[in-house]
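Asks: Structure file final-v5.txt (compact mmCIF, C-alpha atoms (C1' of nucleotides)) is given on the next line.
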```txt
# COMPACT_ATOMS: atom_id res chain seq x y z
CA MET D 13 -71.82 105.97 117.13
CA VAL D 14 -74.94 104.73 118.73
CA LYS D 15 -77.31 105.42 115.98
CA ARG D 16 -78.50 103.34 113.11
CA THR D 17 -80.26 106.35 111.75
CA SER D 18 -77.49 107.80 109.67
CA PHE D 19 -77.99 111.19 108.15
CA GLU D 20 -75.62 110.70 105.28
CA ARG D 21 -78.38 110.73 102.77
CA ASP D 22 -80.14 113.64 104.38
CA GLY D 23 -80.11 116.89 102.52
CA CYS D 24 -79.59 118.94 105.66
CA PRO D 25 -75.99 120.05 105.90
CA ILE D 26 -76.23 120.27 109.67
CA ALA D 27 -77.25 116.65 109.85
CA ARG D 28 -74.42 115.76 107.52
CA SER D 29 -71.88 117.51 109.70
CA LEU D 30 -73.27 115.86 112.78
CA ASP D 31 -73.04 112.55 111.03
CA ALA D 32 -69.35 113.15 110.49
CA ILE D 33 -68.21 114.78 113.70
CA GLY D 34 -71.29 114.98 115.88
CA ASP D 35 -70.34 112.39 118.42
CA TRP D 36 -68.96 113.15 121.81
CA TRP D 37 -65.36 112.26 121.15
CA SER D 38 -64.70 113.43 117.63
CA MET D 39 -65.09 117.11 118.43
CA LEU D 40 -62.86 116.80 121.46
CA LEU D 41 -60.27 114.92 119.47
CA ILE D 42 -60.25 117.69 116.90
CA ARG D 43 -60.02 120.26 119.66
CA GLU D 44 -57.00 118.45 121.03
CA ALA D 45 -55.47 118.17 117.61
CA LEU D 46 -55.88 121.91 117.12
CA ILE D 47 -54.03 122.48 120.37
CA GLY D 48 -51.21 120.32 119.10
CA THR D 49 -51.91 116.84 120.36
CA SER D 50 -50.90 114.32 117.77
CA ARG D 51 -50.05 110.99 119.36
CA PHE D 52 -52.33 108.13 120.23
CA SER D 53 -51.21 107.95 123.84
CA GLU D 54 -51.40 111.71 124.21
CA PHE D 55 -55.02 111.76 123.09
CA GLN D 56 -55.76 108.90 125.42
CA LYS D 57 -54.18 110.55 128.44
CA ARG D 58 -55.65 113.97 127.85
CA LEU D 59 -59.18 112.83 127.13
CA GLY D 60 -59.27 109.72 129.25
CA LEU D 61 -61.28 107.67 126.80
CA ALA D 62 -61.03 103.95 126.32
CA LYS D 63 -58.32 102.92 123.92
CA ASN D 64 -60.55 100.82 121.74
CA ILE D 65 -62.88 103.76 121.26
CA LEU D 66 -59.95 106.01 120.54
CA THR D 67 -58.78 103.58 117.90
CA VAL D 68 -62.17 103.54 116.23
CA ARG D 69 -62.58 107.31 116.40
CA LEU D 70 -59.16 108.10 115.05
CA ARG D 71 -59.64 105.68 112.22
CA ALA D 72 -63.04 107.18 111.42
CA LEU D 73 -61.58 110.68 111.40
CA VAL D 74 -58.77 109.55 109.14
CA ASP D 75 -61.22 107.82 106.82
CA GLN D 76 -63.21 111.00 106.56
CA GLY D 77 -60.20 113.08 105.71
CA ILE D 78 -60.29 115.07 108.90
CA LEU D 79 -57.07 113.65 110.24
CA LYS D 80 -54.17 112.10 108.40
CA THR D 81 -51.46 109.86 109.72
CA ALA D 82 -47.88 110.91 109.26
CA PRO D 83 -45.21 108.22 109.58
CA ALA D 84 -43.16 110.04 112.19
CA SER D 85 -41.63 113.40 112.95
CA ASP D 86 -40.11 113.53 116.41
CA GLY D 87 -37.57 110.79 116.03
CA SER D 88 -39.61 107.85 117.21
CA ALA D 89 -40.90 105.40 114.64
CA TYR D 90 -44.52 105.75 115.67
CA GLN D 91 -47.10 107.65 113.74
CA GLU D 92 -48.77 110.95 114.31
CA TYR D 93 -52.31 112.08 113.70
CA LEU D 94 -52.39 115.47 112.05
CA LEU D 95 -55.26 117.68 110.98
CA THR D 96 -56.05 118.10 107.33
CA PRO D 97 -57.52 121.36 106.02
CA LYS D 98 -60.93 119.78 106.45
CA GLY D 99 -60.03 119.12 110.06
CA ARG D 100 -58.82 122.65 110.64
CA GLY D 101 -62.09 123.78 109.11
CA VAL D 102 -63.83 122.55 112.24
CA PHE D 103 -62.30 125.42 114.16
CA PRO D 104 -65.27 127.81 113.78
CA ILE D 105 -67.61 125.12 115.06
CA LEU D 106 -65.49 124.72 118.16
CA VAL D 107 -65.35 128.47 118.64
CA ALA D 108 -69.13 128.64 118.35
CA LEU D 109 -69.51 125.89 120.93
CA ARG D 110 -67.08 127.66 123.22
CA GLN D 111 -68.83 130.98 122.94
CA TRP D 112 -72.22 129.46 123.55
CA SER D 113 -70.89 128.04 126.77
CA GLU D 114 -69.31 131.33 127.72
CA GLU D 115 -72.54 133.16 127.13
CA PHE D 116 -75.12 130.78 128.54
CA ASP D 117 -73.43 128.36 130.92
CA GLU D 118 -74.92 128.41 134.38
CA ARG D 119 -71.54 128.30 136.03
CA PRO D 120 -69.26 130.27 133.74
CA GLU D 121 -66.79 130.67 136.57
CA GLU D 122 -65.88 127.03 136.06
CA ILE D 123 -64.69 127.67 132.55
CA ALA D 124 -60.96 127.36 132.68
CA THR D 125 -59.74 128.91 129.45
CA ILE D 126 -60.20 131.94 127.27
CA LEU D 127 -59.59 132.08 123.56
CA VAL D 128 -57.32 134.99 122.78
CA ASP D 129 -55.60 136.22 119.70
CA LYS D 130 -51.94 135.37 119.81
CA GLU D 131 -50.69 138.74 118.73
CA LYS D 132 -52.31 140.88 121.39
CA GLY D 133 -53.33 138.29 123.93
CA LYS D 134 -56.83 139.71 124.05
CA PRO D 135 -60.08 137.73 123.92
CA VAL D 136 -61.47 137.24 120.47
CA ARG D 137 -64.70 138.79 119.32
CA LYS D 138 -67.91 136.87 119.27
CA LEU D 139 -68.52 135.11 116.00
CA GLU D 140 -71.07 136.96 113.98
CA LEU D 141 -73.01 136.23 110.88
CA TYR D 142 -73.22 138.82 108.14
CA SER D 143 -75.16 139.20 104.97
CA GLN D 144 -73.24 139.61 101.75
CA ASP D 145 -73.59 143.35 102.01
CA GLY D 146 -72.33 143.39 105.55
CA ARG D 147 -75.41 143.60 107.75
CA PRO D 148 -75.21 141.51 110.93
CA LEU D 149 -77.82 138.77 110.90
CA SER D 150 -79.61 137.00 113.70
CA ALA D 151 -81.48 133.73 113.29
CA GLY D 152 -84.70 135.59 112.56
CA ASP D 153 -83.12 137.54 109.73
CA THR D 154 -82.32 134.40 107.80
CA ALA D 155 -84.30 131.86 105.85
CA LEU D 156 -83.65 128.55 104.15
CA LYS D 157 -83.85 128.39 100.40
CA ARG D 158 -83.84 125.27 98.30
CA ARG D 159 -80.58 124.77 96.56
CA PRO D 160 -80.95 125.67 92.89
CA ALA D 161 -81.38 122.22 91.39
CA GLY D 162 -78.19 121.27 89.62
CA LYS D 163 -77.80 118.13 87.58
CA GLN D 164 -78.38 115.89 90.56
CA GLY D 165 -81.72 114.22 91.03
CA LYS D 166 -80.93 113.03 94.52
CA ARG D 167 -83.65 112.96 97.06
CA ALA D 168 -83.60 115.45 99.85
CA THR D 169 -85.68 116.11 102.91
CA ALA D 170 -87.09 119.47 103.65
CA MET F 9 -77.55 111.75 131.52
CA VAL F 10 -76.53 111.03 128.02
CA LYS F 11 -73.29 109.30 128.84
CA ARG F 12 -71.27 108.11 131.76
CA THR F 13 -68.34 110.32 131.05
CA SER F 14 -69.95 113.62 131.72
CA PHE F 15 -67.98 116.76 131.06
CA GLU F 16 -69.98 118.94 133.37
CA ARG F 17 -67.08 119.40 135.71
CA ASP F 18 -64.62 119.89 132.91
CA GLY F 19 -63.17 123.35 132.55
CA CYS F 20 -63.30 123.20 128.78
CA PRO F 21 -66.22 125.21 127.49
CA ILE F 22 -66.42 123.10 124.35
CA ALA F 23 -66.85 119.98 126.44
CA ARG F 24 -69.50 121.75 128.48
CA SER F 25 -71.44 122.70 125.40
CA LEU F 26 -71.18 119.21 124.04
CA ASP F 27 -72.40 117.90 127.33
CA ALA F 28 -75.51 120.01 126.96
CA ILE F 29 -76.34 119.78 123.27
CA GLY F 30 -73.71 117.49 121.81
CA ASP F 31 -75.90 114.52 121.16
CA TRP F 32 -77.28 113.63 117.82
CA TRP F 33 -80.82 114.72 118.33
CA SER F 34 -80.58 117.86 120.42
CA MET F 35 -78.94 119.91 117.71
CA LEU F 36 -81.48 118.78 115.16
CA LEU F 37 -84.32 119.54 117.52
CA ILE F 38 -82.98 123.04 118.00
CA ARG F 39 -82.58 123.40 114.27
CA GLU F 40 -86.21 122.41 113.83
CA ALA F 41 -87.28 124.77 116.57
CA LEU F 42 -85.44 127.61 114.86
CA ILE F 43 -87.32 126.84 111.68
CA GLY F 44 -90.55 127.08 113.59
CA THR F 45 -91.39 123.56 114.66
CA SER F 46 -92.96 123.61 118.08
CA ARG F 47 -95.20 120.58 118.55
CA PHE F 48 -94.28 117.13 119.75
CA SER F 49 -95.79 115.37 116.81
CA GLU F 50 -94.26 117.83 114.39
CA PHE F 51 -90.79 117.13 115.72
CA GLN F 52 -91.49 113.46 115.56
CA LYS F 53 -92.68 113.51 111.97
CA ARG F 54 -89.95 115.77 110.68
CA LEU F 55 -87.07 114.02 112.36
CA GLY F 56 -88.43 110.51 112.40
CA LEU F 57 -87.14 109.64 115.84
CA ALA F 58 -88.85 107.37 118.31
CA LYS F 59 -91.31 109.10 120.55
CA ASN F 60 -89.71 107.96 123.78
CA ILE F 61 -86.40 109.38 122.68
CA LEU F 62 -88.11 112.58 121.67
CA THR F 63 -89.73 112.78 125.09
CA VAL F 64 -86.40 112.41 126.86
CA ARG F 65 -84.66 114.90 124.60
CA LEU F 66 -87.33 117.54 124.85
CA ARG F 67 -87.39 117.22 128.61
CA ALA F 68 -83.62 117.49 128.79
CA LEU F 69 -83.66 120.59 126.64
CA VAL F 70 -86.38 122.13 128.78
CA ASP F 71 -84.46 121.26 131.96
CA GLN F 72 -81.43 123.00 130.57
CA GLY F 73 -83.33 126.13 129.71
CA ILE F 74 -82.91 125.70 125.98
CA LEU F 75 -86.57 125.12 125.32
CA LYS F 76 -89.56 126.15 127.35
CA THR F 77 -93.05 124.75 127.24
CA ALA F 78 -95.95 127.06 126.58
CA PRO F 79 -99.39 125.81 127.58
CA ALA F 80 -100.99 126.36 124.18
CA SER F 81 -101.33 128.98 121.49
CA ASP F 82 -103.10 127.65 118.43
CA GLY F 83 -106.37 126.60 119.95
CA SER F 84 -105.52 123.04 120.88
CA ALA F 85 -105.04 122.31 124.54
CA TYR F 86 -101.64 120.74 124.09
CA GLN F 87 -98.35 122.36 124.75
CA GLU F 88 -95.74 123.88 122.57
CA TYR F 89 -91.99 123.77 122.81
CA LEU F 90 -90.43 127.15 122.24
CA LEU F 91 -86.83 128.30 122.18
CA THR F 92 -85.48 130.41 124.98
CA PRO F 93 -82.74 132.99 124.34
CA LYS F 94 -80.26 130.31 125.34
CA GLY F 95 -81.78 128.09 122.69
CA ARG F 96 -81.64 130.78 120.04
CA GLY F 97 -78.01 131.25 121.03
CA VAL F 98 -77.28 127.89 119.44
CA PHE F 99 -77.85 129.43 116.03
CA PRO F 100 -74.19 130.27 115.34
CA ILE F 101 -73.21 126.70 116.16
CA LEU F 102 -75.69 125.41 113.62
CA VAL F 103 -74.47 127.91 111.06
CA ALA F 104 -70.91 126.77 111.67
CA LEU F 105 -71.91 123.14 111.23
CA ARG F 106 -73.77 124.00 108.05
CA GLN F 107 -70.89 125.92 106.59
CA TRP F 108 -68.42 123.19 107.39
CA SER F 109 -70.58 120.79 105.45
CA GLU F 110 -70.91 123.23 102.59
CA GLU F 111 -67.17 123.69 102.40
CA PHE F 112 -65.87 120.19 102.97
CA ASP F 113 -68.60 117.68 102.24
CA GLU F 114 -67.63 115.16 99.62
CA ARG F 115 -70.98 115.35 97.91
CA PRO F 116 -72.06 118.97 98.34
CA GLU F 117 -74.53 118.54 95.51
CA GLU F 118 -76.68 116.54 97.90
CA ILE F 119 -77.11 119.49 100.21
CA ALA F 120 -80.67 120.60 99.80
CA THR F 121 -80.78 124.04 101.35
CA ILE F 122 -78.96 127.33 101.42
CA LEU F 123 -79.01 129.81 104.26
CA VAL F 124 -79.91 133.22 102.92
CA ASP F 125 -80.65 136.55 104.47
CA LYS F 126 -84.35 137.25 104.39
CA GLU F 127 -84.09 140.77 103.14
CA LYS F 128 -82.13 140.18 99.97
CA GLY F 129 -82.48 136.45 99.58
CA LYS F 130 -78.74 136.09 99.09
CA PRO F 131 -76.50 133.51 100.77
CA VAL F 132 -74.98 134.64 104.02
CA ARG F 133 -71.27 135.22 104.46
CA LYS F 134 -69.05 132.66 106.01
CA LEU F 135 -68.74 133.05 109.74
CA GLU F 136 -65.45 134.61 110.61
CA LEU F 137 -63.53 135.14 113.77
CA TYR F 138 -62.05 138.52 114.50
CA SER F 139 -59.71 139.92 117.08
CA GLN F 140 -60.91 142.79 119.20
CA ASP F 141 -59.23 145.23 116.85
CA GLY F 142 -60.81 143.68 113.82
CA ARG F 143 -58.19 141.40 112.31
CA PRO F 144 -59.58 138.10 110.95
CA LEU F 145 -58.18 135.16 112.88
CA SER F 146 -57.55 131.58 111.88
CA ALA F 147 -57.00 128.76 114.33
CA GLY F 148 -53.28 129.32 114.24
CA ASP F 149 -53.63 132.97 115.18
CA THR F 150 -55.29 132.10 118.45
CA ALA F 151 -54.17 130.67 121.75
CA LEU F 152 -55.78 129.49 124.95
CA LYS F 153 -55.16 131.45 128.07
CA ARG F 154 -56.08 130.38 131.56
CA ARG F 155 -59.04 132.28 132.86
CA PRO F 156 -57.90 134.94 135.33
CA ALA F 157 -58.15 133.04 138.60
CA GLY F 158 -61.09 133.13 141.00
CA LYS F 159 -61.13 136.81 141.84
CA GLN F 160 -63.11 137.59 138.72
CA GLY F 161 -66.10 135.70 139.99
CA LYS F 162 -69.03 135.87 137.67
CA ARG F 163 -68.77 137.44 134.35
CA ALA F 164 -71.68 139.68 133.58
CA THR F 165 -73.76 139.23 130.45
CA ALA F 166 -71.04 141.01 128.56
C1' DC Z 30 -122.98 109.62 125.85
C1' DT Z 31 -120.23 106.41 123.34
C1' DC Z 32 -116.94 105.40 119.45
C1' DT Z 33 -113.03 106.64 117.14
C1' DA Z 34 -108.93 109.22 115.77
C1' DA Z 35 -105.22 112.18 116.89
C1' DT Z 36 -102.04 114.02 120.25
C1' DG Z 37 -98.63 113.48 123.81
C1' DG Z 38 -96.63 110.75 126.04
C1' DT Z 39 -94.86 106.10 129.18
C1' DT Z 40 -93.30 101.29 129.71
C1' DG Z 41 -90.76 96.97 128.20
C1' DC Z 42 -87.65 94.71 125.76
C1' DA Z 43 -83.80 93.78 122.47
C1' DT Z 44 -79.74 95.63 120.60
C1' DC Z 45 -75.67 97.82 120.18
C1' DA Z 46 -72.21 101.22 121.65
C1' DT Z 47 -69.19 102.27 125.46
C1' DT Z 48 -66.19 101.18 129.05
C1' DA Z 49 -62.43 99.16 131.75
C1' DA Z 50 -59.28 95.80 131.89
C1' DA Z 51 -56.48 92.12 130.20
C1' DC Z 52 -53.64 90.79 126.51
C1' DT Z 53 -50.42 91.27 122.16
C1' DA Z 54 -46.71 92.85 120.02
C1' DG Z 55 -43.21 95.93 118.17
C1' DA Z 56 -40.11 100.03 119.63
C1' DT Z 57 -37.26 102.31 122.79
C1' DT Z 58 -34.59 102.88 126.76
C1' DG Z 59 -31.17 101.45 130.11
C1' DC G 18 -32.13 91.55 127.45
C1' DA G 19 -35.41 93.29 130.85
C1' DA G 20 -38.55 97.02 131.56
C1' DT G 21 -41.39 100.22 129.72
C1' DC G 22 -43.75 102.90 126.16
C1' DT G 23 -46.74 102.84 122.15
C1' DA G 24 -50.56 101.40 119.62
C1' DG G 25 -53.48 98.73 119.36
C1' DT G 26 -57.16 94.05 119.81
C1' DT G 27 -60.20 91.26 122.54
C1' DT G 28 -63.34 90.44 126.14
C1' DA G 29 -67.29 90.87 129.41
C1' DA G 30 -70.34 93.94 131.89
C1' DT G 31 -73.07 97.94 131.60
C1' DG G 32 -76.42 100.96 130.19
C1' DA G 33 -78.01 104.12 126.73
C1' DT G 34 -80.64 103.90 122.39
C1' DG G 35 -84.33 102.50 119.35
C1' DC G 36 -88.58 100.16 118.23
C1' DA G 37 -93.08 98.78 119.23
C1' DA G 38 -96.86 98.45 121.99
C1' DC G 39 -99.47 100.42 125.41
C1' DC G 40 -101.90 104.41 128.37
C1' DA G 41 -104.12 109.05 128.86
C1' DT G 42 -106.27 113.09 127.24
C1' DT G 43 -108.78 115.84 123.87
C1' DA G 44 -111.71 116.52 119.78
C1' DG G 45 -115.11 115.25 116.59
C1' DA G 46 -118.93 112.30 114.76
C1' DG G 47 -123.15 110.15 115.53
```
Translate this structure into structure tokens?
Replies:
Amino acid sequence: MVKRTSFERDGCPIARSLDAIGDWWSMLLIREALIGTSRFSEFQKRLGLAKNILTVRLRALVDQGILKTAPASDGSAYQEYLLTPKGRGVFPILVALRQWSEEFDERPEEIATILVDKEKGKPVRKLELYSQDGRPLSAGDTALKRRPAGKQGKRATA
Amino acid sequence: MVKRTSFERDGCPIARSLDAIGDWWSMLLIREALIGTSRFSEFQKRLGLAKNILTVRLRALVDQGILKTAPASDGSAYQEYLLTPKGRGVFPILVALRQWSEEFDERPEEIATILVDKEKGKPVRKLELYSQDGRPLSAGDTALKRRPAGKQGKRATA
DNA sequence: CTCTAATGGTTGCATCATTAAACTAGATTG
DNA sequence: CAATCTAGTTTAATGATGCAACCATTAGAG
């Protein structure tokens, strides 16, 4: 992570997410993990990143509770990296990234894969945002409200 | 030109999106732009990044068709940075990032803002993924299929 | 018309993250 | 018990990032 400007203490939840998984490799590691990749060498081969970086990233993801290490599973005495619920919770973010690419990429014909639902094998719908009473919302239909101040007196940026 | 390992030529749409907006500042700049920030100095004050970095990021976003510059609008002879449709298309990604933070952050009480729908002022629903016939899908209910080879050519806007 | 402040950048330099590659060391295979 | 696989650590070179200082333009005051 190149930055010294950490957003941990920022009140913006987007910044906080980016602080956790907003670097180039973490998202791809989680993507791989969702596909089923679980071993150090597998991640390294599939993503082609340097091993020292992979070490650091995996450890960071484990520290953050996004991945967990399991002692073994397929016979060998090595360990596996498995997604936690928090890690699986990244799925919608990845879907959103994918769909943005599908919709706006300049060369969509280069996109190699399609996300389908397993049961029917058909492409999934586009993610949509709804109000509590079920109206579809675009960016312009939303606003940011200050969180009702709880007991915390923590600082927060607008 | 953010990194040496570029994913431009990668077939994974997630990698392609990350290649375009996956750096720490771009997402936050788009977030600000969605809120209404449009001036160089405004971005700089609100995000607190160095001006040279801001220059590079804004130019990159303009080059990618995410932002566009407008000559003026509020009297002053300077330019504004406005979102294109491609830029506004990032909204669901930001919502997904926000909601991940809201759901899994270790100190959710530090989150300062809530995304509400303008009309009712109530929090929005969680983004959900649906199959074409309307069933909600989790990560495990989906699979990746190879894109139907070449013949397809370009996909239209739909 | 000059002085000054604000806006919108550009240029240089130091730092730190990233990379590839070499090296370690235990596990597994043969 | 030699070769190879796994999961790292260490190292040096590279270059992207961040900070500060420096230009250029515009606006306002006098």
Asks: Could you write out chain D as a tab-separated table (two decimals) with C-alpha atoms, in the frame of the given file once it has been least-squares superposed on chain F using every ordered C-alpha pair?
Replies:
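File part_21.tsv, as written:
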```
chain	number	residue	atom	x	y	z
D	13	MET	CA	-76.78	111.27	126.96
D	14	VAL	CA	-74.45	108.36	127.05
D	15	LYS	CA	-71.78	109.83	129.14
D	16	ARG	CA	-71.20	109.82	132.83
D	17	THR	CA	-68.37	112.22	132.31
D	18	SER	CA	-70.25	115.46	132.52
D	19	PHE	CA	-68.44	118.63	131.67
D	20	GLU	CA	-70.59	120.89	133.76
D	21	ARG	CA	-67.82	121.62	136.14
D	22	ASP	CA	-65.26	122.05	133.42
D	23	GLY	CA	-63.97	125.51	132.82
D	24	CYS	CA	-63.96	125.10	129.06
D	25	PRO	CA	-66.92	126.90	127.56
D	26	ILE	CA	-66.92	124.56	124.58
D	27	ALA	CA	-67.30	121.59	126.86
D	28	ARG	CA	-70.06	123.38	128.70
D	29	SER	CA	-71.96	124.04	125.50
D	30	LEU	CA	-71.51	120.47	124.41
D	31	ASP	CA	-72.78	119.35	127.76
D	32	ALA	CA	-75.95	121.32	127.16
D	33	ILE	CA	-76.68	120.77	123.49
D	34	GLY	CA	-73.92	118.52	122.24
D	35	ASP	CA	-75.94	115.40	121.73
D	36	TRP	CA	-77.22	114.21	118.43
D	37	TRP	CA	-80.83	115.19	118.85
D	38	SER	CA	-80.74	118.46	120.71
D	39	MET	CA	-79.11	120.39	117.88
D	40	LEU	CA	-81.54	118.97	115.37
D	41	LEU	CA	-84.47	119.77	117.60
D	42	ILE	CA	-83.28	123.35	117.85
D	43	ARG	CA	-82.79	123.45	114.10
D	44	GLU	CA	-86.36	122.30	113.65
D	45	ALA	CA	-87.61	124.79	116.17
D	46	LEU	CA	-85.84	127.57	114.30
D	47	ILE	CA	-87.61	126.50	111.14
D	48	GLY	CA	-90.91	126.72	112.96
D	49	THR	CA	-91.61	123.26	114.27
D	50	SER	CA	-93.25	123.49	117.64
D	51	ARG	CA	-95.37	120.43	118.34
D	52	PHE	CA	-94.36	117.14	119.84
D	53	SER	CA	-95.75	115.07	116.99
D	54	GLU	CA	-94.25	117.39	114.41
D	55	PHE	CA	-90.77	116.97	115.87
D	56	GLN	CA	-91.31	113.24	115.99
D	57	LYS	CA	-92.42	112.98	112.38
D	58	ARG	CA	-89.77	115.26	110.97
D	59	LEU	CA	-86.85	113.78	112.85
D	60	GLY	CA	-88.05	110.22	113.17
D	61	LEU	CA	-86.73	109.71	116.66
D	62	ALA	CA	-88.27	107.50	119.29
D	63	LYS	CA	-90.96	109.20	121.29
D	64	ASN	CA	-89.48	108.40	124.65
D	65	ILE	CA	-86.21	110.00	123.60
D	66	LEU	CA	-88.06	112.98	122.25
D	67	THR	CA	-89.82	113.35	125.57
D	68	VAL	CA	-86.55	113.29	127.46
D	69	ARG	CA	-84.82	115.67	125.07
D	70	LEU	CA	-87.61	118.20	125.02
D	71	ARG	CA	-87.81	118.17	128.77
D	72	ALA	CA	-84.04	118.62	129.04
D	73	LEU	CA	-84.13	121.54	126.63
D	74	VAL	CA	-86.97	123.11	128.57
D	75	ASP	CA	-85.13	122.59	131.85
D	76	GLN	CA	-82.12	124.33	130.42
D	77	GLY	CA	-84.10	127.30	129.26
D	78	ILE	CA	-83.55	126.62	125.60
D	79	LEU	CA	-87.16	125.82	124.89
D	80	LYS	CA	-90.27	126.86	126.75
D	81	THR	CA	-93.70	125.34	126.66
D	82	ALA	CA	-96.61	127.53	125.73
D	83	PRO	CA	-100.09	126.32	126.69
D	84	ALA	CA	-101.54	126.59	123.21
D	85	SER	CA	-101.81	128.95	120.28
D	86	ASP	CA	-103.46	127.32	117.28
D	87	GLY	CA	-106.77	126.48	118.83
D	88	SER	CA	-106.03	123.01	120.10
D	89	ALA	CA	-105.51	122.53	123.81
D	90	TYR	CA	-102.11	120.94	123.44
D	91	GLN	CA	-98.87	122.65	124.19
D	92	GLU	CA	-96.17	124.05	122.00
D	93	TYR	CA	-92.43	124.07	122.39
D	94	LEU	CA	-91.00	127.46	121.56
D	95	LEU	CA	-87.45	128.75	121.51
D	96	THR	CA	-86.27	131.12	124.18
D	97	PRO	CA	-83.62	133.75	123.42
D	98	LYS	CA	-81.06	131.26	124.67
D	99	GLY	CA	-82.42	128.79	122.16
D	100	ARG	CA	-82.32	131.27	119.32
D	101	GLY	CA	-78.75	131.97	120.36
D	102	VAL	CA	-77.83	128.55	119.03
D	103	PHE	CA	-78.37	129.82	115.52
D	104	PRO	CA	-74.71	130.76	114.84
D	105	ILE	CA	-73.61	127.31	115.94
D	106	LEU	CA	-75.97	125.74	113.45
D	107	VAL	CA	-74.79	128.09	110.73
D	108	ALA	CA	-71.19	127.16	111.51
D	109	LEU	CA	-72.04	123.48	111.30
D	110	ARG	CA	-73.84	124.04	108.03
D	111	GLN	CA	-70.99	125.96	106.49
D	112	TRP	CA	-68.44	123.41	107.56
D	113	SER	CA	-70.45	120.79	105.74
D	114	GLU	CA	-70.80	123.00	102.70
D	115	GLU	CA	-67.10	123.60	102.58
D	116	PHE	CA	-65.67	120.20	103.43
D	117	ASP	CA	-68.30	117.54	102.81
D	118	GLU	CA	-67.18	114.88	100.40
D	119	ARG	CA	-70.49	114.85	98.61
D	120	PRO	CA	-71.71	118.43	98.74
D	121	GLU	CA	-74.09	117.70	95.90
D	122	GLU	CA	-76.21	115.79	98.39
D	123	ILE	CA	-76.80	118.86	100.47
D	124	ALA	CA	-80.39	119.78	99.91
D	125	THR	CA	-80.71	123.32	101.21
D	126	ILE	CA	-79.01	126.67	101.08
D	127	LEU	CA	-79.23	129.34	103.72
D	128	VAL	CA	-80.23	132.61	102.12
D	129	ASP	CA	-81.14	135.99	103.41
D	130	LYS	CA	-84.85	136.52	103.22
D	131	GLU	CA	-84.71	139.97	101.74
D	132	LYS	CA	-82.65	139.23	98.66
D	133	GLY	CA	-82.84	135.47	98.50
D	134	LYS	CA	-79.08	135.25	98.14
D	135	PRO	CA	-76.77	132.89	100.03
D	136	VAL	CA	-75.38	134.30	103.22
D	137	ARG	CA	-71.72	135.06	103.70
D	138	LYS	CA	-69.43	132.71	105.49
D	139	LEU	CA	-69.24	133.37	109.19
D	140	GLU	CA	-66.04	135.12	110.04
D	141	LEU	CA	-64.25	135.96	113.20
D	142	TYR	CA	-62.90	139.45	113.73
D	143	SER	CA	-60.71	141.11	116.26
D	144	GLN	CA	-62.09	144.08	118.13
D	145	ASP	CA	-60.43	146.40	115.68
D	146	GLY	CA	-61.87	144.58	112.72
D	147	ARG	CA	-59.11	142.32	111.45
D	148	PRO	CA	-60.31	138.89	110.27
D	149	LEU	CA	-58.87	136.15	112.45
D	150	SER	CA	-58.07	132.55	111.72
D	151	ALA	CA	-57.48	129.92	114.38
D	152	GLY	CA	-53.75	130.64	114.35
D	153	ASP	CA	-54.29	134.32	115.04
D	154	THR	CA	-56.02	133.62	118.32
D	155	ALA	CA	-54.94	132.45	121.73
D	156	LEU	CA	-56.60	131.44	124.97
D	157	LYS	CA	-56.17	133.66	127.97
D	158	ARG	CA	-57.14	132.83	131.51
D	159	ARG	CA	-60.21	134.66	132.58
D	160	PRO	CA	-59.25	137.51	134.90
D	161	ALA	CA	-59.97	135.92	138.26
D	162	GLY	CA	-63.14	137.43	139.64
D	163	LYS	CA	-64.47	136.67	143.08
D	164	GLN	CA	-64.98	133.02	142.29
D	165	GLY	CA	-62.51	130.46	143.55
D	166	LYS	CA	-63.96	127.66	141.48
D	167	ARG	CA	-61.66	125.11	140.05
D	168	ALA	CA	-61.03	125.07	136.37
D	169	THR	CA	-59.10	122.90	133.98
D	170	ALA	CA	-56.64	124.31	131.58
```
Asks: Pick from D:Leu59, D:Ile33, D:Leu70, D:Leu106: nearest to chain G, with all atoms listed in the file counted?
Replies: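 Under the stated criterion, the closest residue is D:Leu70.
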Asks: Can you work out the spacing between CA of Trp32 in chain F and CA of Leu109 in chain D in Å, to one decimal?
Replies: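 Computed distance, CA of Trp32 in chain F to CA of Leu109 in chain D, equals 14.8 Å.
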Asks: What residues in chain G lie within 10 Å of chain F, counting all atoms listed in the file, written as a PDB file with C-alpha atoms (C1' of nucleotides), in the frame of the given file?
Replies:
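Okay, part26.pdb is ready:
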```pdb
ATOM      1  C1'  DG G  32     -76.420 100.960 130.190  1.00  0.00           C
ATOM      2  C1'  DA G  33     -78.010 104.120 126.730  1.00  0.00           C
ATOM      3  C1'  DT G  34     -80.640 103.900 122.390  1.00  0.00           C
ATOM      4  C1'  DG G  35     -84.330 102.500 119.350  1.00  0.00           C
ATOM      5  C1'  DC G  36     -88.580 100.160 118.230  1.00  0.00           C
ATOM      6  C1'  DA G  37     -93.080  98.780 119.230  1.00  0.00           C
ATOM      7  C1'  DT G  42    -106.270 113.090 127.240  1.00  0.00           C
ATOM      8  C1'  DT G  43    -108.780 115.840 123.870  1.00  0.00           C
ATOM      9  C1'  DA G  44    -111.710 116.520 119.780  1.00  0.00           C
TER      10       DA G  44
END
```
Asks: Write out as a count of residues only each polymer residue whose atoms come within 12 Å of DG45 in chain G, counting all atoms listed in the file; drop sequence neighbours fewer than 6 positions from it.
Replies: 4
Asks: Would you write out, as JSON lines, a table of all residues in chain Z that have an atom no more than 10 Å from an atom of chain F, listing for each the closest atom pair and the distance in Å to one decimal, considering only C-alpha atoms (C1' of nucleotides) and ordering rows by chain and rising residue number?
Replies:
```
{"residue": "Z:DA35", "atom": "C1'", "partner": "F:Ser49", "partner_atom": "CA", "distance": 10.0}
{"residue": "Z:DT36", "atom": "C1'", "partner": "F:Ser49", "partner_atom": "CA", "distance": 7.3}
{"residue": "Z:DG37", "atom": "C1'", "partner": "F:Phe48", "partner_atom": "CA", "distance": 7.0}
{"residue": "Z:DG38", "atom": "C1'", "partner": "F:Thr63", "partner_atom": "CA", "distance": 7.3}
{"residue": "Z:DT39", "atom": "C1'", "partner": "F:Asn60", "partner_atom": "CA", "distance": 7.7}
{"residue": "Z:DT40", "atom": "C1'", "partner": "F:Asn60", "partner_atom": "CA", "distance": 9.6}
{"residue": "Z:DT47", "atom": "C1'", "partner": "F:Lys11", "partner_atom": "CA", "distance": 8.8}
{"residue": "Z:DT48", "atom": "C1'", "partner": "F:Arg12", "partner_atom": "CA", "distance": 9.0}
```
